[in-house]
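Below you'll find the structure, written out as structure tokens, and then a few comments.
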There are 2 protein chains.
Amino acid sequence: MTQCEDHEECISTAIERADRICFQKQLKFTDLRKEILRLIWEGHGPQKAYDLLNKLQKTNPSAKPATVYRALDFLIKNGFIHKVASLNAFVGCSHPLKHKECYFLICDDCKNISECCDPNITAAIQATTAQNEFSAKNTTLEISGHCNECLKQI
Amino acid sequence: MTQCEDHEECISTAIERADRICFQKQLKFTDLRKEILRLIWEGHGPQKAYDLLNKLQKTNPSAKPATVYRALDFLIKNGFIHKVASLNAFVGCSHPLKHKECYFLICDDCKNISECCDPNITAAIQATTAQNEFSAKNTTLEISGHCNECLKQI
DNA sequence: TTATGGGGTGTGATATTGTAACGTTGTTGG
DNA sequence: CCAACAACGTTACAATATCACACCCCATAA
């Protein structure tokens with residue numbers, strides 16, 4: 001699940017990517033927003049808002065819930081992270097800009113999340129919404145269970 | 001979305017169905033659980049836990065959050081309702097026993113929810129999880145947008 | 001140059017959602 | 001009957017999230 005060979009590199013790649021996109025789109029990628037994005041990628045799994053707050057307070061003791069939630073709002077709105085509704089947690093997006101819809105495989109054991117963005121699923125969902133004459137704006141697809149690595153270890 | 005010709009009948013049908021299933025499965029469908037299920041169906045849309053608590057307190061002034069959440073746990077566990085993760089709300093299941101997975105179309109305007117349980121989506125999801133060697137336990141698929149009725153009214 | 005307006009942040013308060021823990025009651029099988 | 005367990009009552013609290021208002025910075029127009 002969401003392996004990376006060199007996690008430091010994986011984090012900095014994500015930050016640089018965001019930096020680039022923000023520059024192109026003229027978005028303000030402030031230190032605070034960058035720090036929150038970094039903390040999310042450091043965890044490399046779904047991160048809870050208040051855990052992020054605790055970590056942020058190590059370098060920024062006066063941080064408050066709103067501090068974190070505002071940064072999260074920015075990051076979500078611009079596609080750098082996703083909210084995982086079934087966990088009330090937040091996870092870095094591996095490919096911002098690439099697509100609107102993201103689906104997740106969530107391992108209950110190792111807590112890792114992988115984005116699985118299958119076009120077949122998207123097509124099936126579109127067919128169903130069309131059939132129901134429903135105009136979809138946002139899709140939340142979160143599949144929990146056990147990843148292959150964890151299954152092997154049993 | 002989730003229309004019903006006679007809402008009183010629709011509620012009582014749901015209650016009777018649950019009653020029957022509980023009898024068959026030897027589950028204790030207590031007054032409290034029945035009342036919560038009734039309140040959920042009365043709303044005929046996603047109901048928030050604390051709204052249910054307020055309504056419950058009209059007939060049961062000493063009800064507490066735990067009172068509601070315990071009843072909700074029972075109803076979810078036995079398939080009579082679903083939790084809508086993206087809304088932190090609860091909605092009655094139109095066909096308990098029929099299937100494990102339920103997908104939702106959620107109208108942002110009229111707040112109605114309809115279950116859309118398309119086998120094609122299920123198949124697409126299964127194909128993807130298989131391909132990722134992931135053993136799925138639970139699937140949350142919640143599609144928000146606008147239903148046809150609301151689109152027409154614009 | 002100033003003013004002015006919007007975005008981002010600081011800060012305190014509060015709202016909303018959900019659980020833990022422990023005691024009591026009531027049912028039920030042995 | 002009574003031991004055991006499920007359901008419920010009750011208190012407290014934990015976890016998640018938002019609001020409101022003040023302040024600062026800085027880009028831009030007057």
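Residues are named by chain letter and number: chains run A, B, ... in the order of the structure tokens, numbers start at 1 in each chain, and ligands are numbered from 1 in the order shown.
Look at DG9 of chain D: the protein and nucleic acid residues within 9 Å of it, using only C-alpha atoms (C1' of nucleotides) and passing over chain neighbours fewer than 3 places away, are B:Ser62, B:Ala63, B:Lys64, B:Thr67, C:DG23, C:DT24.
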Residues of chain A within 12 Å of chain C, counting only C-alpha atoms (C1' of nucleotides) - could you list those as a list in words? Leu27, Lys28, Phe29, Thr30, Asp31, Leu32, Arg33, Asn60, Pro61, Ser62, Ala63, Lys64, Pro65, Ala66, Thr67, Val68, Arg70, Ala71, Phe74 and Asn88 of chain A
Once you have the residues from the selection above, write them out as a short mmCIF file (atom, residue, chain, number, x, y, z; two decimals), in the first residue's frame, restricted to N, CA, C and O atoms.
data_model
loop_
_atom_site.label_atom_id
_atom_site.label_comp_id
_atom_site.auth_asym_id
_atom_site.auth_seq_id
_atom_site.Cartn_x
_atom_site.Cartn_y
_atom_site.Cartn_z
N LEU A 27 -1.70 30.74 -6.56
CA LEU A 27 -2.26 30.49 -5.23
C LEU A 27 -1.19 30.78 -4.20
O LEU A 27 0.00 30.62 -4.47
N LYS A 28 -1.62 31.19 -3.02
CA LYS A 28 -0.63 31.54 -1.98
C LYS A 28 -0.29 30.31 -1.14
O LYS A 28 -1.02 29.93 -0.23
N PHE A 29 0.83 29.71 -1.46
CA PHE A 29 1.27 28.51 -0.73
C PHE A 29 2.12 28.97 0.46
O PHE A 29 3.34 28.88 0.44
N THR A 30 1.41 29.45 1.47
CA THR A 30 2.10 30.04 2.63
C THR A 30 2.86 28.99 3.43
O THR A 30 2.64 27.78 3.26
N ASP A 31 3.74 29.44 4.33
CA ASP A 31 4.51 28.53 5.17
C ASP A 31 3.59 27.60 5.95
O ASP A 31 3.86 26.41 6.10
N LEU A 32 2.52 28.17 6.45
CA LEU A 32 1.57 27.40 7.24
C LEU A 32 0.96 26.28 6.42
O LEU A 32 0.92 25.11 6.83
N ARG A 33 0.51 26.61 5.24
CA ARG A 33 -0.12 25.62 4.37
C ARG A 33 0.88 24.56 3.95
O ARG A 33 0.57 23.37 3.88
N ASN A 60 4.93 25.74 16.31
CA ASN A 60 4.05 26.90 16.24
C ASN A 60 3.07 26.81 17.41
O ASN A 60 1.90 26.51 17.23
N PRO A 61 3.58 27.06 18.62
CA PRO A 61 2.84 26.75 19.85
C PRO A 61 1.48 27.41 19.95
O PRO A 61 0.62 26.92 20.68
N SER A 62 1.29 28.49 19.22
CA SER A 62 0.02 29.20 19.38
C SER A 62 -1.04 28.71 18.38
O SER A 62 -2.12 29.28 18.30
N ALA A 63 -0.73 27.67 17.63
CA ALA A 63 -1.69 27.17 16.64
C ALA A 63 -2.98 26.71 17.32
O ALA A 63 -2.95 26.18 18.42
N LYS A 64 -4.08 26.93 16.64
CA LYS A 64 -5.41 26.58 17.15
C LYS A 64 -6.11 25.69 16.13
O LYS A 64 -5.66 25.61 14.99
N PRO A 65 -7.23 25.07 16.51
CA PRO A 65 -7.95 24.25 15.53
C PRO A 65 -8.20 24.98 14.22
O PRO A 65 -7.92 24.44 13.15
N ALA A 66 -8.65 26.21 14.31
CA ALA A 66 -8.96 26.95 13.09
C ALA A 66 -7.74 27.07 12.18
O ALA A 66 -7.87 27.05 10.95
N THR A 67 -6.57 27.20 12.80
CA THR A 67 -5.33 27.28 12.03
C THR A 67 -5.22 26.08 11.10
O THR A 67 -4.94 26.21 9.90
N VAL A 68 -5.44 24.92 11.68
CA VAL A 68 -5.31 23.68 10.92
C VAL A 68 -6.44 23.55 9.90
O VAL A 68 -6.20 23.27 8.73
N ARG A 70 -8.26 25.72 8.47
CA ARG A 70 -8.19 26.65 7.35
C ARG A 70 -7.17 26.17 6.31
O ARG A 70 -7.42 26.23 5.10
N ALA A 71 -6.05 25.67 6.82
CA ALA A 71 -5.05 25.16 5.88
C ALA A 71 -5.60 23.93 5.16
O ALA A 71 -5.42 23.77 3.94
N PHE A 74 -7.91 24.90 2.34
CA PHE A 74 -7.16 25.34 1.17
C PHE A 74 -6.61 24.14 0.39
O PHE A 74 -6.74 24.06 -0.84
N ASN A 88 -12.79 10.51 9.19
CA ASN A 88 -12.53 11.88 9.62
C ASN A 88 -11.04 12.16 9.61
O ASN A 88 -10.46 12.55 10.63
#
Residues within 10 Å of Glu149 of chain A, please, as JSON, numbers by chain. Count only C-alpha atoms (C1' of nucleotides); anything in the same chain fewer than 2 positions from it doesn't count. {"A": [1, 107, 109, 110, 146, 147, 151, 152, 153, 154], "B": [133, 134]}
Atoms kept (N, CA, C and O atoms) for selection, written as an mmCIF file, in the first residue's frame:
data_model
loop_
_atom_site.group_PDB
_atom_site.id
_atom_site.type_symbol
_atom_site.label_atom_id
_atom_site.label_comp_id
_atom_site.auth_asym_id
_atom_site.auth_seq_id
_atom_site.Cartn_x
_atom_site.Cartn_y
_atom_site.Cartn_z
ATOM 1 N N MET A 1 0.828 -1.181 0.000
ATOM 2 C CA MET A 1 0.000 0.000 0.000
ATOM 3 C C MET A 1 0.879 1.254 0.000
ATOM 4 O O MET A 1 1.684 1.450 0.899
ATOM 5 N N CYS A 107 -6.654 0.078 4.431
ATOM 6 C CA CYS A 107 -6.388 -1.154 5.177
ATOM 7 C C CYS A 107 -6.651 -0.940 6.663
ATOM 8 O O CYS A 107 -6.058 -0.061 7.290
ATOM 9 N N ASP A 109 -5.812 -2.835 9.015
ATOM 10 C CA ASP A 109 -4.678 -3.263 9.834
ATOM 11 C C ASP A 109 -3.567 -2.225 9.848
ATOM 12 O O ASP A 109 -3.250 -1.667 10.878
ATOM 13 N N CYS A 110 -2.966 -2.007 8.664
ATOM 14 C CA CYS A 110 -1.786 -1.136 8.634
ATOM 15 C C CYS A 110 -2.174 0.328 8.440
ATOM 16 O O CYS A 110 -1.311 1.196 8.447
ATOM 17 N N HIS A 146 -8.591 -5.317 4.050
ATOM 18 C CA HIS A 146 -7.218 -5.678 4.368
ATOM 19 C C HIS A 146 -6.381 -5.735 3.105
ATOM 20 O O HIS A 146 -6.772 -6.369 2.135
ATOM 21 N N CYS A 147 -5.205 -5.103 3.187
ATOM 22 C CA CYS A 147 -4.335 -5.112 2.019
ATOM 23 C C CYS A 147 -3.582 -6.439 1.954
ATOM 24 O O CYS A 147 -3.550 -7.207 2.911
ATOM 25 N N LEU A 151 -2.659 -9.319 4.794
ATOM 26 C CA LEU A 151 -3.266 -10.643 4.687
ATOM 27 C C LEU A 151 -2.193 -11.724 4.746
ATOM 28 O O LEU A 151 -2.377 -12.764 5.392
ATOM 29 N N LYS A 152 -1.064 -11.460 4.088
ATOM 30 C CA LYS A 152 0.026 -12.438 4.064
ATOM 31 C C LYS A 152 0.551 -12.724 5.452
ATOM 32 O O LYS A 152 0.963 -13.836 5.758
ATOM 33 N N GLN A 153 0.553 -11.683 6.275
ATOM 34 C CA GLN A 153 1.190 -11.817 7.592
ATOM 35 C C GLN A 153 0.373 -12.608 8.595
ATOM 36 O O GLN A 153 0.836 -12.882 9.695
ATOM 37 N N ILE A 154 -0.835 -12.922 8.230
ATOM 38 C CA ILE A 154 -1.679 -13.643 9.196
ATOM 39 C C ILE A 154 -1.331 -15.133 9.220
ATOM 40 O O ILE A 154 -1.063 -15.720 8.207
ATOM 41 N N GLU B 133 -5.290 -6.723 -5.209
ATOM 42 C CA GLU B 133 -5.137 -7.749 -4.175
ATOM 43 C C GLU B 133 -5.578 -7.229 -2.819
ATOM 44 O O GLU B 133 -4.868 -7.350 -1.825
ATOM 45 N N PHE B 134 -6.734 -6.659 -2.817
ATOM 46 C CA PHE B 134 -7.260 -6.061 -1.599
ATOM 47 C C PHE B 134 -8.532 -6.804 -1.206
ATOM 48 O O PHE B 134 -9.401 -7.058 -2.041
#
Can you pull out every residue within 10 Å of Ser114 of chain B, counting only C-alpha atoms (C1' of nucleotides), but drop anything in the same chain fewer than 2 positions away, and send it as a PDB file with C-alpha atoms, in the first residue's frame?
ATOM      1  CA  ASN A 132     -31.111   8.012 -12.212  1.00  0.00           C
TER       2      ASN A 132
ATOM      3  CA  MET B   1     -35.695  10.927  -4.953  1.00  0.00           C
ATOM      4  CA  THR B   2     -37.002   8.353  -2.552  1.00  0.00           C
ATOM      5  CA  GLN B   3     -40.579   9.292  -3.231  1.00  0.00           C
ATOM      6  CA  GLY B  45     -33.793  11.775   4.647  1.00  0.00           C
ATOM      7  CA  VAL B  91     -30.752   7.003   6.816  1.00  0.00           C
ATOM      8  CA  CYS B  93     -32.378   1.172   4.522  1.00  0.00           C
ATOM      9  CA  SER B  94     -35.063   0.505   1.925  1.00  0.00           C
ATOM     10  CA  CYS B 102     -25.431   0.267  -0.555  1.00  0.00           C
ATOM     11  CA  TYR B 103     -24.603   3.294  -2.643  1.00  0.00           C
ATOM     12  CA  PHE B 104     -26.187   6.676  -2.209  1.00  0.00           C
ATOM     13  CA  LEU B 105     -27.207   9.583  -4.367  1.00  0.00           C
ATOM     14  CA  ILE B 106     -27.435  12.622  -2.147  1.00  0.00           C
ATOM     15  CA  CYS B 107     -29.126  15.778  -3.397  1.00  0.00           C
ATOM     16  CA  LYS B 111     -31.334  16.715   0.966  1.00  0.00           C
ATOM     17  CA  ASN B 112     -33.021  13.561  -0.172  1.00  0.00           C
ATOM     18  CA  CYS B 116     -28.702   3.127  -5.865  1.00  0.00           C
ATOM     19  CA  CYS B 117     -27.407  -0.388  -5.689  1.00  0.00           C
ATOM     20  CA  CYS B 147     -31.438  15.280  -8.328  1.00  0.00           C
TER      21      CYS B 147
END
Using the chain letters and numbers from this document, which residues of chain A does DSSP assign to helix (DSSP H, G or I), as a ChimeraX atom specification? /A:7-25,31-43,49-59,65-77,85-87,119-131,148-152
Within 6 Å of chain A, which residues of chain B show up when using only C-alpha atoms, listed as a ChimeraX atom specification? /B:85-86,120-121,124,133-148
Convert the current residue selection to file output with C-alpha atoms, as an mmCIF file, in the first residue's frame.
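Just written: result19.cif:
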data_model
loop_
_atom_site.group_PDB
_atom_site.id
_atom_site.type_symbol
_atom_site.label_atom_id
_atom_site.label_comp_id
_atom_site.auth_asym_id
_atom_site.auth_seq_id
_atom_site.Cartn_x
_atom_site.Cartn_y
_atom_site.Cartn_z
ATOM 1 C CA ALA B 85 -20.230 9.157 6.441
ATOM 2 C CA SER B 86 -19.965 12.278 4.338
ATOM 3 C CA ASN B 120 -22.307 -2.881 -12.382
ATOM 4 C CA ILE B 121 -20.727 -0.633 -9.802
ATOM 5 C CA ALA B 124 -16.334 -2.663 -11.164
ATOM 6 C CA GLU B 133 -5.137 -7.749 -4.175
ATOM 7 C CA PHE B 134 -7.260 -6.061 -1.599
ATOM 8 C CA SER B 135 -9.783 -7.893 0.522
ATOM 9 C CA ALA B 136 -12.715 -5.508 0.868
ATOM 10 C CA LYS B 137 -14.873 -5.590 3.971
ATOM 11 C CA ASN B 138 -16.897 -2.449 3.670
ATOM 12 C CA THR B 139 -17.658 -0.001 0.897
ATOM 13 C CA THR B 140 -18.752 3.583 1.309
ATOM 14 C CA LEU B 141 -19.991 5.145 -1.910
ATOM 15 C CA GLU B 142 -21.718 8.468 -1.558
ATOM 16 C CA ILE B 143 -22.419 10.630 -4.573
ATOM 17 C CA SER B 144 -23.546 14.166 -3.921
ATOM 18 C CA GLY B 145 -25.022 16.492 -6.482
ATOM 19 C CA HIS B 146 -28.460 17.475 -7.671
ATOM 20 C CA CYS B 147 -31.438 15.280 -8.328
ATOM 21 C CA ASN B 148 -33.591 15.627 -11.388
#
Please report, as a Markdown table, each residue of chain D lying at most 10 Å from chain B, together with the nearest pair of atoms and the separation in Å rounded to one decimal; use only C-alpha atoms (C1' of nucleotides), and order rows by chain and ascending residue number.
| residue | atom | partner | partner_atom | distance |
| --- | --- | --- | --- | --- |
| D:DA6 | C1' | B:Lys28 | CA | 9.4 |
| D:DA7 | C1' | B:Thr30 | CA | 8.8 |
| D:DC8 | C1' | B:Thr67 | CA | 7.6 |
| D:DG9 | C1' | B:Ser62 | CA | 8.2 |
| D:DT10 | C1' | B:Lys64 | CA | 8.2 |
Need the shell around segment 96-98 of chain A: protein/DNA/RNA residues with any atom at most 10 Å away, counting only C-alpha atoms (C1' of nucleotides). Skip same-chain ones fewer than 4 positions apart. Format as a ChimeraX atom specification? /A:14,17-18,21,78-82,92,102
